[in-house]
Each structure stands twice: as C-alpha cells, then as structure tokens.
>>> print(open('my_file-v7.csv').read())   # CSV, C-alpha atoms
chain,number,residue,atom,x,y,z
L,1,MET,CA,-26.5,-7.5,0.7
L,2,LYS,CA,-29.4,-9.9,0.1
L,3,GLY,CA,-27.5,-11.6,-2.7
L,4,TRP,CA,-24.4,-12.2,-0.6
L,5,ARG,CA,-26.3,-13.5,2.3
L,6,GLU,CA,-28.2,-15.9,0.1
L,7,GLN,CA,-25.2,-17.2,-1.8
L,8,ARG,CA,-22.2,-16.8,0.5
L,9,ASP,CA,-22.9,-16.0,4.2
L,10,PRO,CA,-26.4,-15.7,5.7
L,11,ARG,CA,-25.0,-14.1,8.8
L,12,ALA,CA,-22.8,-11.5,7.0
L,13,VAL,CA,-22.6,-8.0,8.5
L,14,PHE,CA,-21.9,-5.1,6.1
L,15,TYR,CA,-20.3,-1.7,6.2
L,16,GLY,CA,-20.2,0.6,3.2
L,17,VAL,CA,-17.7,3.3,2.2
L,18,ALA,CA,-18.3,5.5,-0.9
L,19,ASP,CA,-16.5,8.3,-2.7
L,20,ASN,CA,-18.4,11.6,-2.4
L,21,SER,CA,-18.5,11.7,-6.2
L,22,LEU,CA,-20.5,8.4,-6.3
L,23,TRP,CA,-23.6,10.2,-5.1
L,24,HIS,CA,-24.2,12.0,-8.4
L,25,ALA,CA,-24.0,8.6,-10.3
L,26,MET,CA,-26.7,7.0,-8.1
L,27,ASP,CA,-30.4,6.8,-8.9
L,28,ASP,CA,-33.0,7.9,-6.3
L,29,TYR,CA,-33.2,4.4,-4.8
L,30,GLY,CA,-29.4,4.3,-4.4
L,31,GLN,CA,-29.3,7.7,-2.8
L,32,ARG,CA,-32.1,6.9,-0.3
L,33,SER,CA,-30.4,3.6,0.6
L,34,LEU,CA,-27.0,5.2,1.2
L,35,GLN,CA,-28.6,7.9,3.4
L,36,LYS,CA,-30.4,5.1,5.4
L,37,TRP,CA,-27.1,3.3,5.8
L,38,LYS,CA,-25.5,6.4,7.2
L,39,ARG,CA,-28.4,7.0,9.6
L,40,ASP,CA,-28.0,3.3,10.8
L,41,HIS,CA,-24.2,3.9,11.2
L,42,ILE,CA,-23.2,1.2,8.7
L,43,ALA,CA,-21.8,3.5,6.0
L,44,HIS,CA,-20.1,6.8,5.4
L,45,SER,CA,-18.9,8.9,2.4
L,46,THR,CA,-15.5,10.4,2.0
L,47,ARG,CA,-13.5,12.4,-0.6
L,48,TRP,CA,-11.4,9.3,-1.5
L,49,ALA,CA,-12.8,5.9,-0.3
L,50,ASP,CA,-9.8,3.7,-1.1
L,51,PRO,CA,-7.7,4.4,2.0
L,52,ALA,CA,-10.7,4.1,4.3
L,53,ILE,CA,-11.7,0.7,2.8
L,54,LEU,CA,-8.2,-0.7,3.1
L,55,LYS,CA,-7.9,0.5,6.7
L,56,LEU,CA,-11.1,-1.3,7.5
L,57,ALA,CA,-9.9,-4.4,5.7
L,58,GLU,CA,-6.7,-4.4,7.7
L,59,GLN,CA,-8.5,-3.9,11.0
L,60,ASN,CA,-10.8,-6.8,10.1
L,61,PRO,CA,-8.5,-9.5,8.6
L,62,SER,CA,-11.3,-12.1,8.2
L,63,ALA,CA,-13.6,-9.7,6.3
L,64,VAL,CA,-14.4,-9.9,2.6
L,65,VAL,CA,-14.3,-6.7,0.5
L,66,ILE,CA,-16.9,-6.4,-2.3
L,67,THR,CA,-15.5,-4.0,-4.9
L,68,THR,CA,-14.5,-3.8,-8.6
L,69,ASP,CA,-11.2,-2.1,-7.7
L,70,LEU,CA,-7.9,-4.0,-7.8
L,71,TYR,CA,-6.1,-1.4,-5.7
L,72,ARG,CA,-2.9,-1.8,-7.7
L,73,ASP,CA,-1.8,1.7,-6.6
L,74,HIS,CA,-1.9,0.7,-2.9
L,75,ARG,CA,0.1,-2.4,-3.0
L,76,ARG,CA,3.3,-1.0,-1.7
L,77,GLU,CA,1.9,0.4,1.6
L,78,HIS,CA,-0.4,-2.6,1.8
L,79,PRO,CA,1.7,-5.6,0.7
L,80,TRP,CA,-0.9,-8.0,2.0
L,81,LEU,CA,-3.0,-7.1,-1.1
L,82,GLN,CA,-0.6,-9.1,-3.4
L,83,GLY,CA,-2.2,-12.5,-3.9
L,84,SER,CA,-5.1,-11.7,-1.6
L,85,GLN,CA,-8.3,-13.9,-2.0
L,86,ARG,CA,-10.5,-11.6,0.0
L,87,PHE,CA,-11.9,-9.4,-2.8
L,88,PHE,CA,-15.0,-10.1,-4.8
L,89,ALA,CA,-16.8,-8.2,-7.6
L,90,PRO,CA,-20.6,-8.1,-8.0
L,91,ILE,CA,-21.8,-9.3,-11.4
L,92,PHE,CA,-25.2,-7.9,-12.3
L,93,ASP,CA,-27.5,-9.7,-14.8
L,94,GLY,CA,-30.9,-8.0,-14.9
L,95,ALA,CA,-32.5,-8.3,-11.5
L,96,THR,CA,-30.0,-10.9,-10.3
L,97,VAL,CA,-26.5,-10.6,-8.9
L,98,SER,CA,-23.6,-13.1,-8.5
L,99,PHE,CA,-20.1,-12.6,-7.1
L,100,LYS,CA,-16.7,-13.3,-8.7
L,101,GLN,CA,-13.4,-13.5,-6.9
L,102,LEU,CA,-11.0,-10.8,-8.2
L,103,ASP,CA,-7.5,-11.7,-9.5
L,104,TYR,CA,-5.1,-10.1,-7.1
L,105,SER,CA,-2.0,-11.8,-8.5
L,106,PRO,CA,1.2,-10.0,-7.5
L,107,ILE,CA,2.3,-7.2,-9.8
L,108,PRO,CA,5.9,-5.9,-10.2
L,109,ASP,CA,7.3,-2.9,-8.3
L,110,TYR,CA,7.5,-0.6,-11.4
L,111,GLU,CA,3.8,-1.1,-12.1
L,112,VAL,CA,2.9,-0.3,-8.5
L,113,SER,CA,4.9,3.0,-8.8
L,114,TRP,CA,3.1,4.2,-11.9
L,115,ARG,CA,-0.3,3.2,-10.8
L,116,ALA,CA,0.2,5.0,-7.5
L,117,GLU,CA,1.3,8.1,-9.5
L,118,GLU,CA,-1.8,7.9,-11.6
L,119,ALA,CA,-4.1,7.5,-8.6
L,120,ASN,CA,-2.6,10.6,-7.0
L,121,LEU,CA,-4.0,12.7,-9.9
L,122,LYS,CA,-7.7,12.3,-9.0
L,123,PRO,CA,-7.5,14.1,-5.6
L,124,LYS,CA,-5.7,17.0,-7.5
L,125,GLY,CA,-8.5,17.4,-9.9
L,126,ILE,CA,-6.5,16.2,-12.9
L,127,THR,CA,-9.2,14.1,-14.7
L,128,SER,CA,-9.6,15.9,-18.0
L,129,PRO,CA,-7.3,16.0,-21.1
L,130,GLU,CA,-6.6,19.7,-20.3
L,131,GLY,CA,-5.5,18.8,-16.8
L,132,ARG,CA,-3.2,16.1,-18.2
L,133,GLN,CA,-1.7,18.6,-20.6
L,134,ALA,CA,-0.6,20.6,-17.6
L,135,LEU,CA,1.6,17.7,-16.5
L,136,LEU,CA,3.9,18.2,-19.5
L,137,SER,CA,5.2,21.5,-18.1
L,138,GLU,CA,7.1,22.7,-15.0
L,139,TRP,CA,5.3,25.2,-12.8
L,140,SER,CA,6.3,27.7,-10.2
L,141,CYS,CA,4.2,29.1,-7.3
L,142,THR,CA,3.2,32.8,-7.4
L,143,ASN,CA,2.5,32.9,-3.6
L,144,GLN,CA,5.6,33.9,-1.8
L,145,LYS,CA,4.1,32.7,1.5
L,146,CYS,CA,3.8,29.2,0.2
L,147,VAL,CA,6.4,26.5,0.9
L,148,TRP,CA,7.0,26.4,-2.9
L,149,GLY,CA,7.0,30.2,-3.2
L,150,SER,CA,10.8,30.6,-3.2
L,151,ALA,CA,11.5,27.5,-5.3
L,152,ALA,CA,12.4,27.8,-9.0
L,153,VAL,CA,9.9,25.0,-9.8
L,154,ILE,CA,7.2,23.1,-7.9
L,155,ASP,CA,8.7,19.6,-7.2
L,156,ASP,CA,5.3,17.9,-7.5
L,157,ASP,CA,2.5,17.5,-10.0
L,158,PRO,CA,0.3,20.6,-10.2
L,159,ALA,CA,-3.3,20.6,-9.0
L,160,TYR,CA,-5.9,21.6,-11.6
L,161,ARG,CA,-9.0,23.8,-10.8
L,162,ASP,CA,-11.4,25.8,-12.9
L,163,GLY,CA,-9.3,25.4,-16.0
L,164,HIS,CA,-6.0,26.5,-14.4
L,165,ALA,CA,-2.9,24.7,-13.2
L,166,CYS,CA,-2.5,25.5,-9.5
L,167,CYS,CA,0.1,25.0,-6.8
L,168,PRO,CA,-0.7,21.7,-5.1
L,169,GLU,CA,0.1,23.2,-1.7
L,170,CYS,CA,-1.6,26.6,-1.5
L,171,LYS,CA,-3.9,26.1,-4.5
L,172,GLU,CA,-3.0,29.5,-6.0
L,173,VAL,CA,-2.8,29.7,-9.8
L,174,ALA,CA,0.7,28.6,-10.9
L,175,ASN,CA,3.0,30.1,-13.4
L,176,ARG,CA,4.2,28.0,-16.3
L,177,VAL,CA,8.0,27.8,-16.4
L,178,GLY,CA,8.5,25.6,-19.5
L,179,LEU,CA,8.3,22.0,-20.7
L,180,ARG,CA,9.4,19.3,-18.4
L,181,GLU,CA,12.7,17.5,-19.0
L,182,ASN,CA,12.9,13.9,-19.9
L,183,THR,CA,13.8,13.0,-16.3
L,184,ARG,CA,13.9,9.4,-15.1
L,185,GLU,CA,14.0,8.1,-11.5
L,186,ILE,CA,15.8,5.3,-9.7
L,187,VAL,CA,14.9,3.6,-6.5
L,188,VAL,CA,17.4,2.5,-3.8
L,189,VAL,CA,16.2,-0.5,-1.8
L,190,LEU,CA,17.7,-1.8,1.4
L,191,ASP,CA,16.4,-5.1,2.9
L,192,GLY,CA,13.3,-4.8,0.7
L,193,HIS,CA,12.4,-1.3,1.9
L,194,ILE,CA,12.8,1.9,-0.3
L,195,ALA,CA,15.6,4.1,1.1
L,196,ASP,CA,15.7,6.8,-1.6
L,197,ARG,CA,14.2,7.9,-4.9
L,198,ILE,CA,16.7,9.8,-7.0
L,199,PRO,CA,15.8,11.8,-10.2
L,200,ILE,CA,18.3,11.6,-13.0
L,201,ALA,CA,17.7,14.4,-15.5
L,202,GLU,CA,18.3,14.0,-19.2
L,203,ASN,CA,22.0,14.1,-20.3
L,204,THR,CA,23.2,13.8,-16.7
L,205,THR,CA,24.9,11.0,-14.8
L,206,LEU,CA,24.9,9.6,-11.3
L,207,THR,CA,27.9,7.7,-9.9
L,208,ILE,CA,27.2,5.2,-7.1
L,209,GLY,CA,30.0,4.5,-4.6
L,210,ARG,CA,31.9,5.7,-1.5
L,211,GLY,CA,32.4,9.3,-2.7
L,212,ARG,CA,30.7,12.6,-2.5
L,213,GLY,CA,29.8,15.2,-5.1
L,214,HIS,CA,26.9,16.8,-6.9
L,215,ASP,CA,26.6,13.9,-9.3
L,216,ARG,CA,27.4,11.1,-6.9
L,217,TYR,CA,25.3,8.9,-4.5
L,218,ASP,CA,27.4,8.1,-1.4
L,219,VAL,CA,26.5,4.8,0.1
L,220,ARG,CA,28.4,5.4,3.4
L,221,GLY,CA,25.4,6.8,5.2
L,222,LEU,CA,23.2,3.8,4.4
L,223,LEU,CA,25.3,0.6,4.5
L,224,ASP,CA,26.9,-0.9,7.6
L,225,GLU,CA,30.6,-1.3,7.9
L,226,GLN,CA,30.5,-4.9,6.7
L,227,HIS,CA,28.8,-4.1,3.5
L,228,VAL,CA,30.1,-0.5,2.8
L,229,ASN,CA,33.6,-1.9,2.3
L,230,LEU,CA,32.3,-4.1,-0.5
L,231,VAL,CA,31.5,-0.9,-2.5
L,232,SER,CA,34.2,0.9,-4.4
L,233,ARG,CA,34.7,4.6,-4.5
L,234,ASP,CA,33.6,4.7,-8.1
L,235,HIS,CA,31.4,1.6,-8.3
L,236,VAL,CA,28.8,1.9,-11.0
L,237,ARG,CA,27.4,4.8,-13.1
L,238,LEU,CA,23.9,5.5,-14.3
L,239,SER,CA,23.2,7.9,-17.1
L,240,ASN,CA,20.1,9.3,-18.8
L,241,ASN,CA,20.3,9.3,-22.6
L,242,ALA,CA,17.1,10.9,-24.0
L,243,GLY,CA,15.0,9.2,-21.3
L,244,ARG,CA,16.8,5.9,-21.6
L,245,LEU,CA,18.6,4.7,-18.5
L,246,LEU,CA,22.1,3.3,-19.1
L,247,VAL,CA,24.4,1.5,-16.6
L,248,GLU,CA,28.1,1.1,-16.6
L,249,GLU,CA,30.3,-0.9,-14.2
L,250,LEU,CA,33.4,1.2,-13.4
L,251,GLY,CA,35.7,-1.6,-12.6
L,252,SER,CA,34.8,-2.0,-8.9
L,253,LYS,CA,36.6,-4.6,-6.8
L,254,ASN,CA,33.6,-6.7,-6.0
L,255,GLY,CA,31.5,-6.1,-9.1
L,256,THR,CA,27.9,-5.4,-9.8
L,257,THR,CA,25.2,-8.0,-10.5
L,258,ILE,CA,22.3,-7.2,-12.9
L,259,VAL,CA,19.2,-9.2,-11.9
L,260,ARG,CA,16.5,-9.7,-14.6
L,261,SER,CA,14.6,-12.5,-12.8
L,262,SER,CA,15.2,-15.0,-10.0
L,263,ASP,CA,17.0,-17.3,-12.4
L,264,ASP,CA,18.6,-14.7,-14.7
L,265,LYS,CA,21.5,-12.9,-13.1
L,266,ALA,CA,24.8,-11.8,-14.6
L,267,GLU,CA,27.9,-9.8,-13.6
L,268,LEU,CA,28.2,-6.5,-15.4
L,269,ILE,CA,31.2,-6.2,-17.7
L,270,PRO,CA,33.3,-3.2,-16.7
L,271,GLU,CA,33.2,-0.2,-18.9
L,272,VAL,CA,30.4,-1.5,-21.1
L,273,LEU,CA,27.2,0.5,-21.3
L,274,GLN,CA,24.0,-1.5,-20.9
L,275,THR,CA,20.4,-0.4,-21.0
L,276,LEU,CA,18.6,-0.7,-17.7
L,277,GLN,CA,15.2,-2.2,-18.4
L,278,LYS,CA,12.2,-1.4,-16.3
L,279,THR,CA,12.2,-4.8,-14.6
L,280,ASP,CA,16.0,-4.9,-14.0
L,281,GLN,CA,17.7,-4.5,-10.7
L,282,LEU,CA,21.3,-3.8,-9.8
L,283,SER,CA,22.7,-5.7,-6.8
L,284,LEU,CA,25.6,-4.2,-4.9
L,285,ALA,CA,27.4,-5.4,-1.7
L,286,ARG,CA,26.3,-9.0,-2.0
L,287,GLY,CA,22.7,-8.0,-2.3
L,288,ALA,CA,22.6,-5.6,0.7
L,289,MET,CA,21.7,-2.7,-1.7
L,290,ARG,CA,19.5,-3.0,-4.8
L,291,ILE,CA,18.9,-0.2,-7.4
L,292,ARG,CA,16.0,-0.4,-9.9
L,293,PRO,CA,14.3,2.0,-12.3
L,294,SER,CA,11.1,3.6,-10.9
L,295,GLY,CA,7.8,3.0,-12.6
L,296,ARG,CA,6.8,6.7,-12.2
L,297,LYS,CA,6.2,8.3,-15.5
L,298,ARG,CA,6.5,11.9,-14.3
L,299,PRO,CA,9.5,12.1,-11.8
L,300,ARG,CA,10.3,15.6,-10.9
L,301,GLY,CA,13.0,17.6,-9.1
L,302,ARG,CA,16.8,17.7,-9.1
L,303,TYR,CA,19.1,15.5,-7.2
L,304,ALA,CA,20.6,17.5,-4.3
L,305,PRO,CA,22.9,15.3,-2.1
L,306,ASP,CA,23.9,16.4,1.4
L,307,LEU,CA,27.4,17.7,1.0
L,308,THR,CA,27.6,19.4,4.4
L,309,THR,CA,27.3,16.5,6.9
L,310,ALA,CA,30.6,14.7,7.3
L,311,PRO,CA,30.4,11.1,6.0
L,312,TRP,CA,31.4,9.6,9.4
L,313,LEU,CA,28.6,11.5,11.1
L,314,ALA,CA,26.1,10.1,8.6
L,315,GLU,CA,27.5,6.6,9.3
L,316,LYS,CA,27.1,7.2,13.0
L,317,ALA,CA,23.5,8.4,12.6
L,318,ASN,CA,22.8,5.3,10.5
L,319,GLU,CA,24.3,3.0,13.2
L,320,SER,CA,22.1,4.7,15.9
L,321,ASN,CA,19.0,4.0,13.8
>>> encode(input="my_file-v7.csv", output="structure tokens")
Amino acid sequence: MKGWREQRDPRAVFYGVADNSLWHAMDDYGQRSLQKWKRDHIAHSTRWADPAILKLAEQNPSAVVITTDLYRDHRREHPWLQGSQRFFAPIFDGATVSFKQLDYSPIPDYEVSWRAEEANLKPKGITSPEGRQALLSEWSCTNQKCVWGSAAVIDDDPAYRDGHACCPECKEVANRVGLRENTREIVVVLDGHIADRIPIAENTTLTIGRGRGHDRYDVRGLLDEQHVNLVSRDHVRLSNNAGRLLVEELGSKNGTTIVRSSDDKAELIPEVLQTLQKTDQLSLARGAMRIRPSGRKRPRGRYAPDLTTAPWLAEKANESN
C-alpha cells in the first residue's frame, strides 16, 4: 500500500481479498497484517478469491486491481477483462516494490474454454498428479440418493479427496467405470452468445439441419423464421475421427462458410471432408448461427436431443423468449 501511494496515487483506498490457502504461505508479519485488515474491515478471506475480486472490480469500475493473475478463465463471464488496462502486478526487488501493468490482450474463445476448465479443478481438490490421473476415467456415483446415483456415468469431472475420486455432488467415493472416450465438443453460438455445447463421441457423427434424430441437431427451435429457412434439412455434418473433428457440407441450398479469420473465409465444397481446426468457425444462415470447436480438453456426456417436444412448439417457445 505504501509503495502504491508513493508511486501512483497518494489518496488510494485499498481492500484485500485472499484465498484461504494463502494463509499457510504467509510469514508471521503477513498473517498479522491480514488479521488486522480483517479487523479494520478492509479485507476478507474466501475459499476461492477470483470471483470475489472480479465482482468488486465490476462494482468499482474506476478501481485498479493489484494482482499477478491474468484471469484468463473468467473472460467469458467478464468480457470487460479482454484488453483491460486496470490490472497491475507488484514487482519486488529486495526491500523495494514497483508496479507493472499486466498484459490483458484478448485471447481466443477456445483458450478461454480450456483455461476455465482447468480453473474448475482447484475447487474440486484436483491439484496432484494422482488427482489428474482420475480425469482419464469415467466414474459412477455409489450413492443412490444423489442426483448422479441413477446415471450410468457422472457427467462432470470427479472431485478428489483423501486419495480417492469422489462424486462432485455428494462427495461419496466414486466407482471407476472405465477409460474416457476421445470425446470432443462443439459450441453453437447465436448473436455472440453460447446457445449449446454438444459432445461428439469418438466414431460418431452429428448432422446440423432442419431435422430430428438421435444423431441430429435441429436448428428449428433456435433460429427465427427468416433464418431457419436458410438452413437445409441435411445441411452440414460433423464427425469425430480418433479425436479429430471433421466437417462435411451436405449440398445445402445456401451453403456453409468456414471462417478462419476476419479476412479468411471460404465456402465449404459439398461432400468434401475437411478438418475443423480449433480456431475455425462454421457460419450458417448468413452468419445468424456459428459453430466452433470447444477448447475444453475433457468434454463429457452423451448428446441427448429432445425428441418429444414437437418442432413447432419449440419454435413457438423460441419466439416467446
């Protein structure tokens, strides 16, 4: 605080937020200082400090944040972080301190996805090599009263406690089912907002269009009438070949555009398989719908489309929203 006031703002007011785990890394002086801050109501500790810090930053848009964290895993729910100039890191040199503005240059969507996935492991206790080994398997819950008790597999990363993989919901020790499949995930985006995340298991396909089925994604419940008519019944197909996503245009009336950058766009050639790279996006219905690979490295679950609600009812619900 003294260094910042001397170098940047002599009238600065501070508030501190710390992870509970930070306490054990502090020396006696640090622990006494944090306790005094708490007594003076200018600091608090929490299990995970990141959400609390960002909430305070949003509530105080003119405030500067002193941290070493780049918060890459929070940039989807807090888009203002991309390109922000409000974050500074303390640089210690012996008994002196200086401050360096952190580089918050925008990062691509796929990187935000996998960084958010990684950050979610810490609250689950997955911080050791043994814990990460548990991520390679599918698990089932042994507690029949749990929400995952009747499911064949837990559709989420396990928690890890006392050397055991546990159900992330009820924390009971989980039962190993087998190795995870080489599943990949795609993201459906409407008007810049994520509408769906769809897992595509290895050696399976997903057809995008105006049709229903267990291996189909029906756009009729999402697009308005103007745009839904620009999508063919069998428009484009995605397939998972040993963890590699492939895309095939099925001869649709209005075609599919593959977008590799703002100045690199091309129409897909019908009935020609192409690899969908992690930064690629597919554009349908004149850009009203975009589909991209997810950056998540451990997508789980099986695609289970709604085959009970009539398509016209889904469209009506979409219009009312």
>>> atom_distance(input="my_file-v7.csv", atom1="CA of Arg75 (chain L)", atom2="CA of Ile42 (chain L)")
26.3 Å
>>> closest_residue(input="my_file-v7.csv", among="L:Cys166, L:Leu238, L:Val65, L:Leu22", to="Lys124 (chain L)", atoms="all atoms listed in the file")
L:Cys166
>>> atom_distance(input="my_file-v7.csv", atom1="CA of Ser252 (chain L)", atom2="CA of Leu268 (chain L)")
10.3 Å
>>> closest_residue(input="my_file-v7.csv", among="L:Arg296, L:Arg39, L:Arg260, L:Lys265", to="Gln277 (chain L)", atoms="all atoms listed in the file")
L:Arg260
>>> atom_distance(input="my_file-v7.csv", atom1="CA of Gly243 (chain L)", atom2="CA of Tyr160 (chain L)")
26.2 Å
>>> residues_around(input="my_file-v7.csv", residues="Val228 (chain L)", least_positions_apart="2", cutoff="12 Å", atoms="only C-alpha atoms", output="PyMOL selection string")
chain L and resi 208-211+218-226+230-233+235+254+284-289+315
>>> write_last_selection(input="my_file-v7.csv", atoms="C-alpha atoms", output="mmCIF file, in the coordinates of the input")
data_model
loop_
_atom_site.group_PDB
_atom_site.id
_atom_site.type_symbol
_atom_site.label_atom_id
_atom_site.label_comp_id
_atom_site.auth_asym_id
_atom_site.auth_seq_id
_atom_site.Cartn_x
_atom_site.Cartn_y
_atom_site.Cartn_z
ATOM 1 C CA ILE L 208 27.200 5.200 -7.100
ATOM 2 C CA GLY L 209 30.000 4.500 -4.600
ATOM 3 C CA ARG L 210 31.900 5.700 -1.500
ATOM 4 C CA GLY L 211 32.400 9.300 -2.700
ATOM 5 C CA ASP L 218 27.400 8.100 -1.400
ATOM 6 C CA VAL L 219 26.500 4.800 0.100
ATOM 7 C CA ARG L 220 28.400 5.400 3.400
ATOM 8 C CA GLY L 221 25.400 6.800 5.200
ATOM 9 C CA LEU L 222 23.200 3.800 4.400
ATOM 10 C CA LEU L 223 25.300 0.600 4.500
ATOM 11 C CA ASP L 224 26.900 -0.900 7.600
ATOM 12 C CA GLU L 225 30.600 -1.300 7.900
ATOM 13 C CA GLN L 226 30.500 -4.900 6.700
ATOM 14 C CA LEU L 230 32.300 -4.100 -0.500
ATOM 15 C CA VAL L 231 31.500 -0.900 -2.500
ATOM 16 C CA SER L 232 34.200 0.900 -4.400
ATOM 17 C CA ARG L 233 34.700 4.600 -4.500
ATOM 18 C CA HIS L 235 31.400 1.600 -8.300
ATOM 19 C CA ASN L 254 33.600 -6.700 -6.000
ATOM 20 C CA LEU L 284 25.600 -4.200 -4.900
ATOM 21 C CA ALA L 285 27.400 -5.400 -1.700
ATOM 22 C CA ARG L 286 26.300 -9.000 -2.000
ATOM 23 C CA GLY L 287 22.700 -8.000 -2.300
ATOM 24 C CA ALA L 288 22.600 -5.600 0.700
ATOM 25 C CA MET L 289 21.700 -2.700 -1.700
ATOM 26 C CA GLU L 315 27.500 6.600 9.300
#
>>> residues_around(input="my_file-v7.csv", residues="Ala152 (chain L)", least_positions_apart="5", cutoff="9 Å", atoms="all atoms listed in the file", output="list in words")
Trp139, Ser140, Cys141 and Val177 of chain L
>>> write_last_selection(input="my_file-v7.csv", atoms="C-alpha atoms", output="PDB file, keeping the file's coordinate frame")
ATOM      1  CA  TRP L 139       5.300  25.200 -12.800  1.00  0.00           C
ATOM      2  CA  SER L 140       6.300  27.700 -10.200  1.00  0.00           C
ATOM      3  CA  CYS L 141       4.200  29.100  -7.300  1.00  0.00           C
ATOM      4  CA  VAL L 177       8.000  27.800 -16.400  1.00  0.00           C
TER       5      VAL L 177
END
>>> residues_around(input="my_file-v7.csv", residues="Arg132 (chain L)", least_positions_apart="6", cutoff="12 Å", atoms="only C-alpha atoms", output="PDB file with C-alpha atoms, keeping the file's coordinate frame")
ATOM      1  CA  GLU L 118      -1.800   7.900 -11.600  1.00  0.00           C
ATOM      2  CA  LEU L 121      -4.000  12.700  -9.900  1.00  0.00           C
ATOM      3  CA  LYS L 122      -7.700  12.300  -9.000  1.00  0.00           C
ATOM      4  CA  LYS L 124      -5.700  17.000  -7.500  1.00  0.00           C
ATOM      5  CA  GLY L 125      -8.500  17.400  -9.900  1.00  0.00           C
ATOM      6  CA  ILE L 126      -6.500  16.200 -12.900  1.00  0.00           C
ATOM      7  CA  ASP L 157       2.500  17.500 -10.000  1.00  0.00           C
ATOM      8  CA  PRO L 158       0.300  20.600 -10.200  1.00  0.00           C
ATOM      9  CA  ALA L 159      -3.300  20.600  -9.000  1.00  0.00           C
ATOM     10  CA  TYR L 160      -5.900  21.600 -11.600  1.00  0.00           C
ATOM     11  CA  GLY L 163      -9.300  25.400 -16.000  1.00  0.00           C
ATOM     12  CA  HIS L 164      -6.000  26.500 -14.400  1.00  0.00           C
ATOM     13  CA  ALA L 165      -2.900  24.700 -13.200  1.00  0.00           C
ATOM     14  CA  ARG L 298       6.500  11.900 -14.300  1.00  0.00           C
TER      15      ARG L 298
END
>>> closest_residue(input="my_file-v7.csv", among="L:His44, L:Lys145, L:His193, L:Arg212", to="Asp109 (chain L)", atoms="all atoms listed in the file")
L:His193
